[in-house]
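K.L.:
Take a look at upload_35.txt, compact mmCIF, C-alpha atoms and all ligand atoms:
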# COMPACT_ATOMS: atom_id res chain seq x y z
CA MET A 128 3.05 27.99 -2.50
CA THR A 129 5.30 29.62 0.06
CA TYR A 130 8.51 28.24 -1.40
CA ASP A 131 10.12 27.63 -4.77
CA PRO A 132 9.76 24.08 -6.05
CA ALA A 133 13.37 23.11 -6.53
CA GLY A 134 15.36 22.68 -9.64
CA SER A 135 14.88 22.92 -13.36
CA VAL A 136 14.14 19.64 -15.13
CA PRO A 137 13.66 20.50 -18.82
CA ALA A 138 13.36 16.94 -20.12
CA SER A 139 10.69 16.06 -17.55
CA GLU A 140 8.93 19.36 -18.25
CA ALA A 141 8.83 18.62 -21.99
CA LEU A 142 7.51 15.10 -21.42
CA PHE A 143 4.92 16.39 -18.96
CA ALA A 144 3.69 18.93 -21.54
CA ARG A 145 3.38 16.17 -24.18
CA ALA A 146 1.72 13.87 -21.64
CA ASN A 147 -0.82 16.53 -20.70
CA ALA A 148 -1.86 16.78 -24.34
CA VAL A 149 -2.79 13.09 -24.55
CA ILE A 150 -3.23 11.76 -20.98
CA PRO A 151 -5.63 13.36 -18.45
CA GLY A 152 -3.47 15.34 -16.03
CA GLY A 153 -0.39 13.93 -17.75
CA VAL A 154 -0.23 10.80 -15.59
CA ASN A 155 -1.82 7.36 -15.38
CA SER A 156 -2.32 7.41 -11.60
CA PRO A 157 -3.15 10.70 -9.84
CA VAL A 158 -0.55 11.00 -7.07
CA ARG A 159 2.26 10.85 -9.66
CA ALA A 160 1.28 14.34 -10.86
CA PHE A 161 2.88 16.13 -7.84
CA ALA A 162 -0.39 18.08 -7.36
CA ALA A 163 0.00 17.96 -3.57
CA VAL A 164 3.56 19.31 -3.49
CA GLY A 165 3.77 21.41 -6.66
CA GLY A 166 6.46 21.31 -9.32
CA THR A 167 7.07 19.00 -12.26
CA PRO A 168 6.77 15.25 -11.85
CA ARG A 169 10.02 13.53 -12.71
CA PHE A 170 9.77 11.23 -15.72
CA ILE A 171 11.87 8.20 -14.83
CA ALA A 172 14.21 6.84 -17.47
CA SER A 173 15.74 3.95 -15.51
CA ALA A 174 16.21 2.47 -12.07
CA GLN A 175 18.86 0.34 -10.42
CA GLY A 176 19.01 -0.94 -6.85
CA ALA A 177 18.04 1.91 -4.50
CA TYR A 178 18.21 4.59 -7.22
CA LEU A 179 15.98 6.21 -9.84
CA THR A 180 17.34 8.21 -12.77
CA ASP A 181 15.06 10.79 -14.37
CA ALA A 182 14.87 11.95 -17.99
CA ASP A 183 17.29 14.82 -17.19
CA GLY A 184 19.88 12.42 -15.81
CA ASN A 185 19.30 13.30 -12.14
CA ARG A 186 19.82 10.36 -9.79
CA TYR A 187 17.71 9.95 -6.64
CA VAL A 188 17.69 7.59 -3.69
CA ASP A 189 14.20 6.11 -4.13
CA LEU A 190 12.07 6.05 -0.98
CA ILE A 191 8.88 5.00 -2.83
CA CYS A 192 9.99 1.74 -4.45
CA SER A 193 7.06 1.87 -6.91
CA TRP A 194 4.73 2.43 -3.89
CA GLY A 195 5.89 -0.81 -2.32
CA PRO A 196 6.51 -3.54 -4.88
CA MET A 197 10.30 -3.19 -5.26
CA LEU A 198 11.20 -4.93 -1.98
CA LEU A 199 14.54 -6.12 -3.38
CA GLY A 200 15.35 -2.84 -5.13
CA HIS A 201 15.13 -2.06 -8.83
CA ALA A 202 16.40 -4.33 -11.60
CA HIS A 203 17.38 -7.10 -9.21
CA PRO A 204 19.63 -9.40 -11.28
CA GLU A 205 17.93 -12.67 -10.30
CA VAL A 206 14.42 -11.30 -10.86
CA GLN A 207 15.49 -9.86 -14.20
CA ALA A 208 17.09 -13.14 -15.29
CA ALA A 209 13.97 -15.11 -14.35
CA VAL A 210 11.72 -12.67 -16.21
CA ALA A 211 14.01 -12.63 -19.26
CA ALA A 212 14.02 -16.43 -19.36
CA ALA A 213 10.23 -16.54 -19.01
CA ILE A 214 9.78 -14.09 -21.89
CA THR A 215 11.67 -16.39 -24.27
CA ARG A 216 8.87 -18.92 -23.69
CA GLY A 217 6.11 -16.51 -24.74
CA THR A 218 4.21 -13.93 -22.70
CA SER A 219 0.62 -15.17 -22.30
CA TYR A 220 -1.24 -18.37 -23.18
CA GLY A 221 -4.73 -18.12 -21.71
CA ALA A 222 -4.13 -21.53 -20.14
CA PRO A 223 -2.77 -22.59 -16.73
CA THR A 224 0.99 -22.65 -16.07
CA GLN A 225 3.47 -23.96 -13.50
CA PRO A 226 4.62 -20.53 -12.15
CA GLU A 227 1.01 -19.81 -11.05
CA VAL A 228 0.93 -23.00 -9.03
CA GLU A 229 4.30 -22.27 -7.45
CA LEU A 230 3.37 -18.68 -6.58
CA ALA A 231 0.07 -19.87 -5.07
CA GLU A 232 1.98 -22.46 -2.99
CA GLU A 233 4.42 -19.78 -1.84
CA ILE A 234 1.59 -17.44 -0.76
CA VAL A 235 -0.38 -20.19 0.97
CA GLY A 236 2.87 -21.27 2.67
CA ARG A 237 3.59 -17.90 4.26
CA THR A 238 0.17 -16.38 4.97
CA PRO A 239 -3.06 -17.49 6.70
CA VAL A 240 -4.88 -18.16 3.39
CA GLU A 241 -5.76 -21.71 2.34
CA LYS A 242 -6.55 -21.00 -1.31
CA VAL A 243 -5.73 -18.08 -3.56
CA ARG A 244 -6.96 -16.68 -6.91
CA PHE A 245 -4.77 -14.38 -9.04
CA VAL A 246 -5.87 -11.11 -10.62
CA SER A 247 -3.91 -8.25 -12.17
CA SER A 248 -4.30 -5.37 -9.69
CA GLY A 249 -5.07 -4.70 -6.05
CA THR A 250 -8.31 -3.04 -7.13
CA GLU A 251 -9.46 -6.25 -8.77
CA ALA A 252 -8.45 -8.20 -5.68
CA THR A 253 -10.61 -6.15 -3.28
CA MET A 254 -13.47 -5.91 -5.79
CA SER A 255 -13.49 -9.70 -6.20
CA ALA A 256 -13.13 -10.37 -2.46
CA ILE A 257 -16.19 -8.21 -1.82
CA ARG A 258 -18.25 -9.95 -4.49
CA LEU A 259 -17.23 -13.29 -3.02
CA ALA A 260 -18.15 -12.16 0.52
CA ARG A 261 -21.56 -11.00 -0.70
CA GLY A 262 -22.07 -14.26 -2.61
CA PHE A 263 -21.01 -16.34 0.38
CA THR A 264 -23.12 -14.52 2.98
CA GLY A 265 -26.08 -13.54 0.80
CA ARG A 266 -25.83 -10.03 2.30
CA ASP A 267 -25.03 -6.66 0.69
CA LEU A 268 -23.58 -4.19 3.20
CA ILE A 269 -19.85 -3.58 3.53
CA ILE A 270 -18.03 -1.77 6.33
CA LYS A 271 -14.84 0.16 5.59
CA PHE A 272 -12.81 2.74 7.50
CA ALA A 273 -12.27 6.39 6.56
CA GLY A 274 -8.77 6.97 5.21
CA ASN A 275 -8.38 3.31 4.22
CA TYR A 276 -7.82 2.83 0.50
CA HIS A 277 -8.74 -0.39 -1.24
CA GLY A 278 -8.24 0.61 -4.86
CA HIS A 279 -10.81 2.40 -7.01
CA VAL A 280 -13.67 -0.04 -6.54
CA ASP A 281 -17.04 1.78 -6.76
CA SER A 282 -18.41 0.54 -3.45
CA LEU A 283 -15.13 1.33 -1.66
CA LEU A 284 -14.83 4.92 -2.88
CA ALA A 285 -17.27 5.99 -0.22
CA ALA A 286 -16.50 8.41 2.56
CA ALA A 287 -18.74 9.49 5.39
CA GLY A 288 -19.40 12.53 7.51
CA SER A 289 -18.41 12.04 11.06
CA GLY A 290 -19.37 9.98 13.98
CA LEU A 291 -21.01 6.61 14.05
CA ALA A 292 -22.33 4.36 11.35
CA THR A 293 -23.38 6.57 8.49
CA LEU A 294 -24.40 5.06 5.22
CA GLY A 295 -21.71 6.30 2.88
CA VAL A 296 -21.94 8.97 0.27
CA SER A 297 -19.73 8.65 -2.77
CA SER A 298 -16.51 10.61 -2.65
CA THR A 299 -16.18 10.81 -6.43
CA PRO A 300 -18.56 11.62 -9.28
CA GLY A 301 -19.30 8.50 -11.26
CA VAL A 302 -20.06 6.23 -8.33
CA PRO A 303 -23.83 5.71 -8.07
CA ALA A 304 -25.42 6.53 -4.73
CA SER A 305 -26.84 3.03 -4.80
CA SER A 306 -23.32 1.65 -4.79
CA ALA A 307 -21.85 3.93 -2.10
CA GLY A 308 -25.06 3.43 -0.14
CA GLN A 309 -24.11 -0.20 0.41
CA THR A 310 -21.00 0.91 2.28
CA ILE A 311 -20.79 1.99 5.91
CA VAL A 312 -17.76 4.17 6.61
CA LEU A 313 -16.41 4.27 10.17
CA PRO A 314 -13.53 6.07 11.89
CA TYR A 315 -10.43 3.88 12.12
CA ASN A 316 -9.39 2.40 15.47
CA ASP A 317 -12.86 3.12 16.88
CA ARG A 318 -14.27 -0.01 18.53
CA ALA A 319 -17.47 1.70 19.69
CA ALA A 320 -18.31 2.72 16.12
CA VAL A 321 -17.83 -0.86 14.92
CA THR A 322 -19.97 -2.25 17.72
CA ALA A 323 -22.72 0.29 16.97
CA ALA A 324 -22.69 -0.45 13.22
CA PHE A 325 -23.04 -4.19 13.85
CA ALA A 326 -25.76 -3.56 16.43
CA ALA A 327 -27.73 -1.55 13.86
CA HIS A 328 -27.12 -3.62 10.70
CA GLY A 329 -25.45 -6.85 11.87
CA ASP A 330 -27.63 -9.26 9.91
CA GLN A 331 -27.11 -7.34 6.65
CA ILE A 332 -23.33 -6.95 6.78
CA ALA A 333 -21.51 -9.16 4.27
CA ALA A 334 -17.99 -8.10 5.22
CA LEU A 335 -15.79 -5.63 6.98
CA ILE A 336 -12.74 -4.67 4.95
CA THR A 337 -9.75 -2.94 6.50
CA GLU A 338 -6.16 -2.30 5.55
CA ALA A 339 -4.20 -4.74 7.72
CA SER A 340 -2.26 -1.70 8.88
CA PRO A 341 -3.36 1.42 7.03
CA GLY A 342 -0.67 2.99 4.88
CA ASN A 343 -2.78 5.10 2.52
CA MET A 344 -3.36 8.01 4.94
CA GLY A 345 0.26 7.80 6.03
CA VAL A 346 1.10 4.88 8.29
CA VAL A 347 -1.57 4.56 11.01
CA PRO A 348 -1.10 1.18 12.69
CA PRO A 349 -4.03 -0.61 14.33
CA ALA A 350 -4.24 -0.13 18.10
CA PRO A 351 -3.09 -3.31 19.88
CA GLY A 352 -5.84 -5.91 19.57
CA PHE A 353 -7.94 -3.85 17.12
CA ASN A 354 -7.69 -6.32 14.23
CA ALA A 355 -8.43 -9.21 16.62
CA PHE A 356 -11.53 -7.33 17.81
CA LEU A 357 -12.65 -6.82 14.19
CA ALA A 358 -12.14 -10.49 13.34
CA GLU A 359 -14.09 -11.58 16.41
CA THR A 360 -16.92 -9.08 15.84
CA CYS A 361 -17.33 -10.24 12.23
CA THR A 362 -17.43 -13.88 13.28
CA ARG A 363 -20.04 -13.18 15.93
CA HIS A 364 -22.33 -11.57 13.33
CA GLY A 365 -21.72 -14.00 10.46
CA ALA A 366 -19.87 -11.37 8.40
CA LEU A 367 -16.51 -12.00 6.74
CA PHE A 368 -13.36 -10.19 7.88
CA ILE A 369 -11.35 -9.06 4.84
CA SER A 370 -7.81 -7.98 5.62
CA ASP A 371 -6.41 -5.86 2.78
CA GLU A 372 -2.70 -6.67 2.66
CA VAL A 373 -2.14 -5.26 -0.84
CA MET A 374 0.37 -2.83 0.65
CA THR A 375 1.55 -4.65 3.79
CA GLY A 376 1.66 -8.18 2.37
CA PHE A 377 5.27 -9.46 2.16
CA ARG A 378 6.27 -5.83 2.86
CA ALA A 379 5.62 -4.94 6.53
CA ALA A 380 7.13 -8.32 7.41
CA ARG A 381 7.84 -11.67 5.72
CA GLU A 382 4.28 -12.91 6.26
CA GLY A 383 2.73 -9.45 6.04
CA GLN A 384 1.03 -7.47 8.79
CA TRP A 385 -0.69 -10.68 9.94
CA GLU A 386 2.70 -11.93 11.19
CA LEU A 387 2.79 -8.93 13.56
CA ASP A 388 -0.71 -9.38 15.05
CA GLY A 389 -2.92 -12.32 13.98
CA LYS A 390 -0.14 -14.88 14.11
CA VAL A 391 0.88 -13.72 17.60
CA GLU A 392 -2.69 -13.40 18.88
CA GLY A 393 -4.01 -16.58 17.26
CA TRP A 394 -6.71 -15.39 14.82
CA LYS A 395 -7.04 -15.45 11.02
CA PRO A 396 -8.87 -13.22 8.56
CA ASP A 397 -11.54 -14.92 6.43
CA LEU A 398 -10.21 -13.32 3.23
CA VAL A 399 -6.96 -11.50 2.46
CA THR A 400 -6.09 -9.36 -0.56
CA PHE A 401 -2.55 -9.08 -1.92
CA GLY A 402 -0.76 -7.07 -4.61
CA LYS A 403 2.32 -4.82 -4.86
CA VAL A 404 5.28 -6.96 -3.60
CA MET A 405 3.74 -10.25 -4.80
CA GLY A 406 4.00 -9.02 -8.42
CA GLY A 407 7.70 -8.14 -8.13
CA GLY A 408 7.06 -4.96 -10.16
CA LEU A 409 4.72 -6.53 -12.72
CA PRO A 410 0.90 -6.48 -12.64
CA ALA A 411 -0.08 -9.33 -10.34
CA ALA A 412 -2.39 -9.38 -7.34
CA ALA A 413 -4.49 -11.95 -5.53
CA PHE A 414 -7.21 -12.65 -3.04
CA GLY A 415 -7.43 -15.73 -0.90
CA GLY A 416 -8.65 -17.14 2.37
CA ARG A 417 -10.76 -19.86 3.93
CA ALA A 418 -11.12 -22.89 1.68
CA ASP A 419 -14.91 -23.05 2.19
CA VAL A 420 -15.31 -19.41 1.15
CA MET A 421 -12.94 -19.71 -1.83
CA ALA A 422 -14.88 -22.81 -2.94
CA MET A 423 -17.77 -20.46 -3.85
CA LEU A 424 -15.65 -19.01 -6.67
CA SER A 425 -16.17 -20.11 -10.27
CA PRO A 426 -15.50 -22.64 -11.70
CA ALA A 427 -15.62 -24.44 -8.32
CA GLY A 428 -18.72 -22.49 -7.24
CA PRO A 429 -21.33 -19.98 -8.45
CA VAL A 430 -19.62 -16.60 -7.80
CA TYR A 431 -18.21 -15.45 -11.14
CA GLN A 432 -14.70 -14.04 -11.43
CA ALA A 433 -12.20 -14.21 -14.32
CA GLY A 434 -9.32 -12.44 -16.11
CA THR A 435 -7.59 -12.74 -19.50
CA LEU A 436 -4.17 -11.94 -18.01
CA SER A 437 -4.79 -13.34 -14.51
CA GLY A 438 -1.80 -15.41 -13.39
CA ASN A 439 0.20 -14.16 -16.37
CA PRO A 440 3.40 -16.23 -16.61
CA ILE A 441 5.79 -13.25 -16.71
CA ALA A 442 4.10 -11.51 -13.76
CA THR A 443 3.88 -14.65 -11.66
CA THR A 444 7.53 -15.44 -12.43
CA ALA A 445 8.58 -11.97 -11.24
CA GLY A 446 6.47 -12.35 -8.10
CA LEU A 447 7.62 -15.88 -7.33
CA THR A 448 11.30 -14.99 -7.76
CA THR A 449 10.85 -11.90 -5.57
CA LEU A 450 9.10 -13.81 -2.78
CA ARG A 451 11.66 -16.63 -2.81
CA LEU A 452 14.43 -14.04 -2.40
CA ALA A 453 12.48 -12.18 0.32
CA THR A 454 14.04 -14.00 3.26
CA ASP A 455 14.22 -13.03 6.93
CA GLU A 456 17.63 -11.48 6.17
CA VAL A 457 16.02 -9.14 3.60
CA TYR A 458 13.45 -7.88 6.13
CA ALA A 459 16.16 -7.48 8.79
CA ARG A 460 18.23 -5.34 6.37
CA ILE A 461 15.24 -3.16 5.48
CA ASN A 462 14.32 -2.77 9.15
CA ARG A 463 17.89 -1.63 9.94
CA ALA A 464 17.77 0.97 7.16
CA ALA A 465 14.31 2.10 8.40
CA ASP A 466 15.71 2.44 11.97
CA LEU A 467 18.53 4.69 10.74
CA ILE A 468 16.31 6.85 8.54
CA THR A 469 13.47 7.27 11.06
CA ASN A 470 16.00 8.18 13.77
CA GLY A 471 17.58 10.69 11.39
CA ILE A 472 14.21 12.28 10.59
CA GLY A 473 13.32 12.56 14.27
CA ASP A 474 16.68 14.17 15.07
CA ALA A 475 16.53 16.64 12.18
CA LEU A 476 12.93 17.76 12.77
CA GLY A 477 13.44 17.81 16.55
CA LYS A 478 16.47 20.08 16.22
CA VAL A 479 14.49 22.75 14.36
CA GLY A 480 11.41 22.34 16.56
CA VAL A 481 9.02 21.10 13.84
CA ALA A 482 6.12 19.08 15.31
CA HIS A 483 6.15 15.59 13.87
CA ALA A 484 5.02 12.01 14.39
CA ILE A 485 6.94 9.15 12.82
CA GLN A 486 4.69 6.10 12.64
CA ARG A 487 5.73 2.64 11.64
CA THR A 488 4.63 -0.92 11.11
CA GLY A 489 7.38 -3.41 10.33
CA THR A 490 9.52 -2.01 7.52
CA MET A 491 6.92 0.66 6.57
CA PHE A 492 6.81 4.14 8.04
CA SER A 493 5.67 7.68 7.35
CA VAL A 494 6.13 11.12 8.83
CA PHE A 495 3.24 13.36 9.91
CA PHE A 496 4.09 17.05 10.27
CA CYS A 497 1.93 17.46 13.39
CA ASP A 498 1.95 16.16 16.95
CA GLY A 499 1.12 12.48 17.29
CA PRO A 500 0.01 9.89 17.76
CA VAL A 501 -2.16 9.87 14.64
CA THR A 502 -4.80 7.14 15.07
CA ASN A 503 -7.39 7.92 12.38
CA PHE A 504 -8.05 9.94 9.22
CA ASP A 505 -9.28 13.10 10.98
CA GLU A 506 -6.05 13.22 12.96
CA ALA A 507 -3.98 12.50 9.84
CA LYS A 508 -5.50 15.59 8.20
CA ARG A 509 -3.79 17.77 10.84
CA THR A 510 -0.45 17.19 9.09
CA ASN A 511 1.04 20.42 7.73
CA ASP A 512 0.96 19.92 3.93
CA GLN A 513 2.97 23.06 3.22
CA ALA A 514 5.73 22.02 5.60
CA TYR A 515 5.79 18.61 3.98
CA ALA A 516 5.97 20.14 0.49
CA ALA A 517 8.97 22.25 1.50
CA PHE A 518 10.63 19.21 3.08
CA PHE A 519 9.87 17.15 -0.04
CA HIS A 520 11.40 19.64 -2.48
CA SER A 521 14.50 20.12 -0.35
CA MET A 522 15.01 16.34 -0.30
CA MET A 523 14.44 16.14 -4.08
CA SER A 524 17.00 18.86 -4.71
CA GLN A 525 19.47 16.81 -2.68
CA GLY A 526 18.75 13.65 -4.66
CA VAL A 527 16.23 11.90 -2.40
CA TYR A 528 12.88 10.96 -3.93
CA LEU A 529 10.04 10.96 -1.38
CA PRO A 530 6.32 10.30 -1.85
CA PRO A 531 4.85 13.48 -3.43
CA SER A 532 2.14 13.62 -0.76
CA ALA A 533 2.11 13.91 3.01
CA TYR A 534 -0.41 11.04 3.23
CA GLU A 535 1.70 8.22 1.88
CA ALA A 536 3.95 5.56 3.34
CA TRP A 537 7.70 5.57 2.64
CA PHE A 538 9.20 2.38 1.27
CA LEU A 539 12.73 1.03 1.41
CA SER A 540 14.32 -2.03 -0.18
CA SER A 541 17.09 -4.45 0.62
CA ALA A 542 19.19 -2.46 -1.89
CA HIS A 543 19.19 0.56 0.46
CA ASP A 544 22.74 0.05 1.67
CA GLU A 545 24.98 2.27 3.82
CA THR A 546 25.73 4.62 0.93
CA ALA A 547 22.08 5.17 0.04
CA VAL A 548 21.06 5.60 3.69
CA ALA A 549 23.95 8.04 4.26
CA GLN A 550 22.73 10.20 1.37
CA VAL A 551 19.27 10.35 2.96
CA LEU A 552 20.70 11.20 6.39
CA GLU A 553 22.88 13.99 4.94
CA ALA A 554 19.90 15.59 3.22
CA LEU A 555 17.64 15.64 6.30
CA PRO A 556 18.96 18.66 8.26
CA SER A 557 18.43 21.22 5.50
CA ALA A 558 15.08 19.67 4.53
CA ALA A 559 14.01 20.01 8.17
CA GLU A 560 15.09 23.65 8.10
CA ALA A 561 13.04 24.21 4.94
CA ALA A 562 9.99 22.74 6.71
CA GLY A 563 10.74 24.90 9.76
CA ARG A 564 10.76 28.07 7.63
CA VAL A 565 7.24 27.31 6.37
CA ILE A 566 5.90 26.89 9.90
CA ALA A 567 7.74 29.91 11.38
C1 LIG B 601 -2.36 -0.10 -3.65
C2 LIG B 601 -3.48 -0.60 -2.85
C3 LIG B 601 -4.64 -1.11 -3.44
C4 LIG B 601 -4.92 -1.04 -4.93
O1 LIG B 601 -3.99 -1.75 -5.66
P1 LIG B 601 -3.80 -1.38 -7.22
O2 LIG B 601 -2.86 -2.42 -7.72
O3 LIG B 601 -3.23 0.01 -7.24
O4 LIG B 601 -5.14 -1.45 -7.85
C5 LIG B 601 -5.60 -1.70 -2.63
N1 LIG B 601 -5.43 -1.74 -1.30
C6 LIG B 601 -4.34 -1.24 -0.69
C7 LIG B 601 -4.20 -1.34 0.79
C8 LIG B 601 -3.34 -0.63 -1.45
O5 LIG B 601 -2.28 -0.10 -0.83
What does this structure look like when you write it as structure tokens?
Ligand SMILES: *Cc1c(COP(=O)(O)O)cnc(C)c1O
P.N.:
Amino acid sequence: MTYDPAGSVPASEALFARANAVIPGGVNSPVRAFAAVGGTPRFIASAQGAYLTDADGNRYVDLICSWGPMLLGHAHPEVQAAVAAAITRGTSYGAPTQPEVELAEEIVGRTPVEKVRFVSSGTEATMSAIRLARGFTGRDLIIKFAGNYHGHVDSLLAAAGSGLATLGVSSTPGVPASSAGQTIVLPYNDRAAVTAAFAAHGDQIAALITEASPGNMGVVPPAPGFNAFLAETCTRHGALFISDEVMTGFRAAREGQWELDGKVEGWKPDLVTFGKVMGGGLPAAAFGGRADVMAMLSPAGPVYQAGTLSGNPIATTAGLTTLRLATDEVYARINRAADLITNGIGDALGKVGVAHAIQRTGTMFSVFFCDGPVTNFDEAKRTNDQAYAAFFHSMMSQGVYLPPSAYEAWFLSSAHDETAVAQVLEALPSAAEAAGRVIA
């Protein structure tokens, strides 16, 4: 490291030491460990509105929002009241409930899906959507794009070398070659690669899955018309088009990324996966889509899928309350805050001459520390990690909590008011200087 990770945080350090003794790497999801930026992960004691408070009592403006879910900010009073009331009625029954029906109606009402099935995580949603696509088409191959993340599903943890359609090799030990070998990994935004893969394997491809607008390599929006091209190519070859909106759903815009392209251009995905915002901060996710495809799912059809806590009444209540409060006004507020912050970042980095690309879809954005535009994973890897780490720690020391990795989206909430935004803007110039010192 070419800089000093900022600040002493003894309570977080002590918890991290205890955590490391009993939890692999001290965390329950890898990016939380701060491995990419160095320093001690902050153990969070509480959160309110736009702010996180760590175990040492430090308060931060939160620009992660639980990696997306907290669209309304933390501890929103109406969501909390609804959850508290639901808890008094018991926490799980293993039988159907009214909140599930209402959340399903809400999702069907504001997205292109006709029917929806609840699960507990985004990983389960993409895993189940893929099984359903294979069951529906009777085919095995899946296409995904490099740098797109769909949860830790075996067949989707495949990466490829370069170039055109390569049958994937696993990118983690533990995934059998036979599983990764069913996945074709292509460069994002590359129409020729998609055309070539379908030309070679068209009659064996069950589905193409893509993030609706990738946010897991930093924000890399689809080129205009790219999603429409994917949908049309899939249809032509009898494959299903799965749009992964786990991150973008009810986040990029009120109806998700689809509102920004498919709705305007007049096409629909066959299947869509959801998570993050739709759980309102509790474990809830879903997959849905065409009624004829969803009819293949058990108990209506032969493709098996189930879950003890699927549609859990507390989680669906949190999600339903969040979505009902997520009005056009909420998205307008978040977009205004995103305008101010992205302008501030551009000004601060521009002033010190640090190469950067700020990329955005709807309310979501991220900052690459390299020249843009960034259109695929290879280009995303040009970002200067060290410069980002210096920027990150300077922001942390000034009370602004950023994603601890240069390859992640930044998330705001409707609780990011003038005061919270002002604190971010004030911190930017010296963080930009810290990044500049790494590059110089
Ligand atoms: C977060 C995410 C997932 C996985 O969701 P989990 O709830 O973490 O399993 C899948 N797809 C996308 C696009 C995501 O951002």
K.L.:
If we count all atoms listed in the file and set the cut-off at 9 Å, which residues sit around Gly489 of chain A, ignoring sequence neighbours fewer than 5 positions away in its own chain? Please answer as a PDB file with C-alpha atoms, in the coordinates of the input.
P.N.:
ATOM      1  CA  THR A 375       1.550  -4.650   3.790  1.00  0.00           C
ATOM      2  CA  ARG A 378       6.270  -5.830   2.860  1.00  0.00           C
ATOM      3  CA  ALA A 379       5.620  -4.940   6.530  1.00  0.00           C
ATOM      4  CA  ALA A 380       7.130  -8.320   7.410  1.00  0.00           C
ATOM      5  CA  GLY A 383       2.730  -9.450   6.040  1.00  0.00           C
ATOM      6  CA  GLN A 384       1.030  -7.470   8.790  1.00  0.00           C
ATOM      7  CA  LEU A 387       2.790  -8.930  13.560  1.00  0.00           C
ATOM      8  CA  TYR A 458      13.450  -7.880   6.130  1.00  0.00           C
ATOM      9  CA  ASN A 462      14.320  -2.770   9.150  1.00  0.00           C
TER      10      ASN A 462
END
K.L.:
Ala459 of chain A: which residues within 9 Å, counting all atoms listed in the file, same-chain residues fewer than 4 positions away excluded, as a list in words?
P.N.:
Thr454, Asp455, Arg463, Ala464, Thr490 and Ser541 of chain A
K.L.:
Determine, counting only C-alpha atoms, which protein, DNA and RNA residues have an atom within 9 Å of an atom of Trp537 of chain A; residues of the same chain fewer than 2 positions away are not included. Present the result as a list of chain:residue names.
P.N.:
A:Leu190, A:Ile191, A:Cys192, A:Trp194, A:Gly195, A:Gly345, A:Val346, A:Met491, A:Phe492, A:Ser493, A:Val494, A:Leu529, A:Pro530, A:Glu535, A:Leu539
K.L.:
Could you tell me, counting only C-alpha atoms and all ligand atoms, which protein and nucleic acid residues lie no more than 9 Å from ligand LIG 601 (chain B), written as a PyMOL selection string?
P.N.:
chain A and resi 156+194-195+247-253+275-280+337-343+370-375+400-403+410-412
K.L.:
Interatomic distance between atom CA of Gly236 of chain A and atom CA of Glu205 of chain A?
P.N.:
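Rounded to one decimal, the two atoms are 21.7 Å apart.
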K.L.:
Take atom CA of Gly274 of chain A and atom CA of Asp505 of chain A and report the distance between them in Å, one decimal.
P.N.:
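Pair atom CA of Gly274 of chain A / atom CA of Asp505 of chain A returns 8.4 Å.
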K.L.:
Using Å and a single decimal, report how far atom CA of Ala231 of chain A sits from atom CA of Arg244 of chain A.
P.N.:
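Atom-to-atom, atom CA of Arg244 of chain A to atom CA of Ala231 of chain A, that is 7.9 Å.
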K.L.:
Using all atoms listed in the file, which of the listed residues (A:Thr546, A:Thr449, A:Thr360, A:Thr299) sits closest to Gln207 of chain A?
P.N.:
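Among the listed residues, the smallest separation from Gln207 of chain A belongs to A:Thr449.
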K.L.:
When distances are computed from all atoms listed in the file, which of A:Gly376, A:Gly389, A:Gly365, A:Gly407 shows the smallest separation from Val210 of chain A?
P.N.:
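Of the candidates, the smallest distance to Val210 of chain A is held by A:Gly407.
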K.L.:
Do a neighbour search on segment 328-334 of chain A at 7 Å with all atoms listed in the file, toss out local chain neighbours closer than 6 positions, and write the hits as a VMD selection string.
P.N.:
chain A and resid 260 to 261 264 266 to 270 364 366 to 369
K.L.:
Can those selected residues be exported to a file as a PDB file, in the coordinates of the input so that it contains C-alpha atoms?
P.N.:
ATOM      1  CA  ALA A 260     -18.150 -12.160   0.520  1.00  0.00           C
ATOM      2  CA  ARG A 261     -21.560 -11.000  -0.700  1.00  0.00           C
ATOM      3  CA  THR A 264     -23.120 -14.520   2.980  1.00  0.00           C
ATOM      4  CA  ARG A 266     -25.830 -10.030   2.300  1.00  0.00           C
ATOM      5  CA  ASP A 267     -25.030  -6.660   0.690  1.00  0.00           C
ATOM      6  CA  LEU A 268     -23.580  -4.190   3.200  1.00  0.00           C
ATOM      7  CA  ILE A 269     -19.850  -3.580   3.530  1.00  0.00           C
ATOM      8  CA  ILE A 270     -18.030  -1.770   6.330  1.00  0.00           C
ATOM      9  CA  HIS A 364     -22.330 -11.570  13.330  1.00  0.00           C
ATOM     10  CA  ALA A 366     -19.870 -11.370   8.400  1.00  0.00           C
ATOM     11  CA  LEU A 367     -16.510 -12.000   6.740  1.00  0.00           C
ATOM     12  CA  PHE A 368     -13.360 -10.190   7.880  1.00  0.00           C
ATOM     13  CA  ILE A 369     -11.350  -9.060   4.840  1.00  0.00           C
TER      14      ILE A 369
END
K.L.:
Excluding Arg186 of chain A and residues on its chain fewer than 3 positions from it, collect all residues at most 10 Å away from it, counting only C-alpha atoms, and give them as a list of chain:residue names.
P.N.:
A:Ile171, A:Ser173, A:Ala174, A:Tyr178, A:Leu179, A:Thr180, A:Asp181, A:Ala182, A:Asp183, A:Asp189, A:Met523, A:Gln525, A:Gly526, A:Val527, A:Tyr528
K.L.:
Hey, which of A:Pro314, A:Gly415, A:Gly262, A:Pro300 ends up closest to Leu398 of chain A? Count only C-alpha atoms.
P.N.:
A:Gly415
K.L.:
Counting all atoms listed in the file, which residue out of A:Pro396, A:Pro157, A:Gly308, A:Pro196 sits closest to Leu409 of chain A?
P.N.:
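Closest candidate: A:Pro196.
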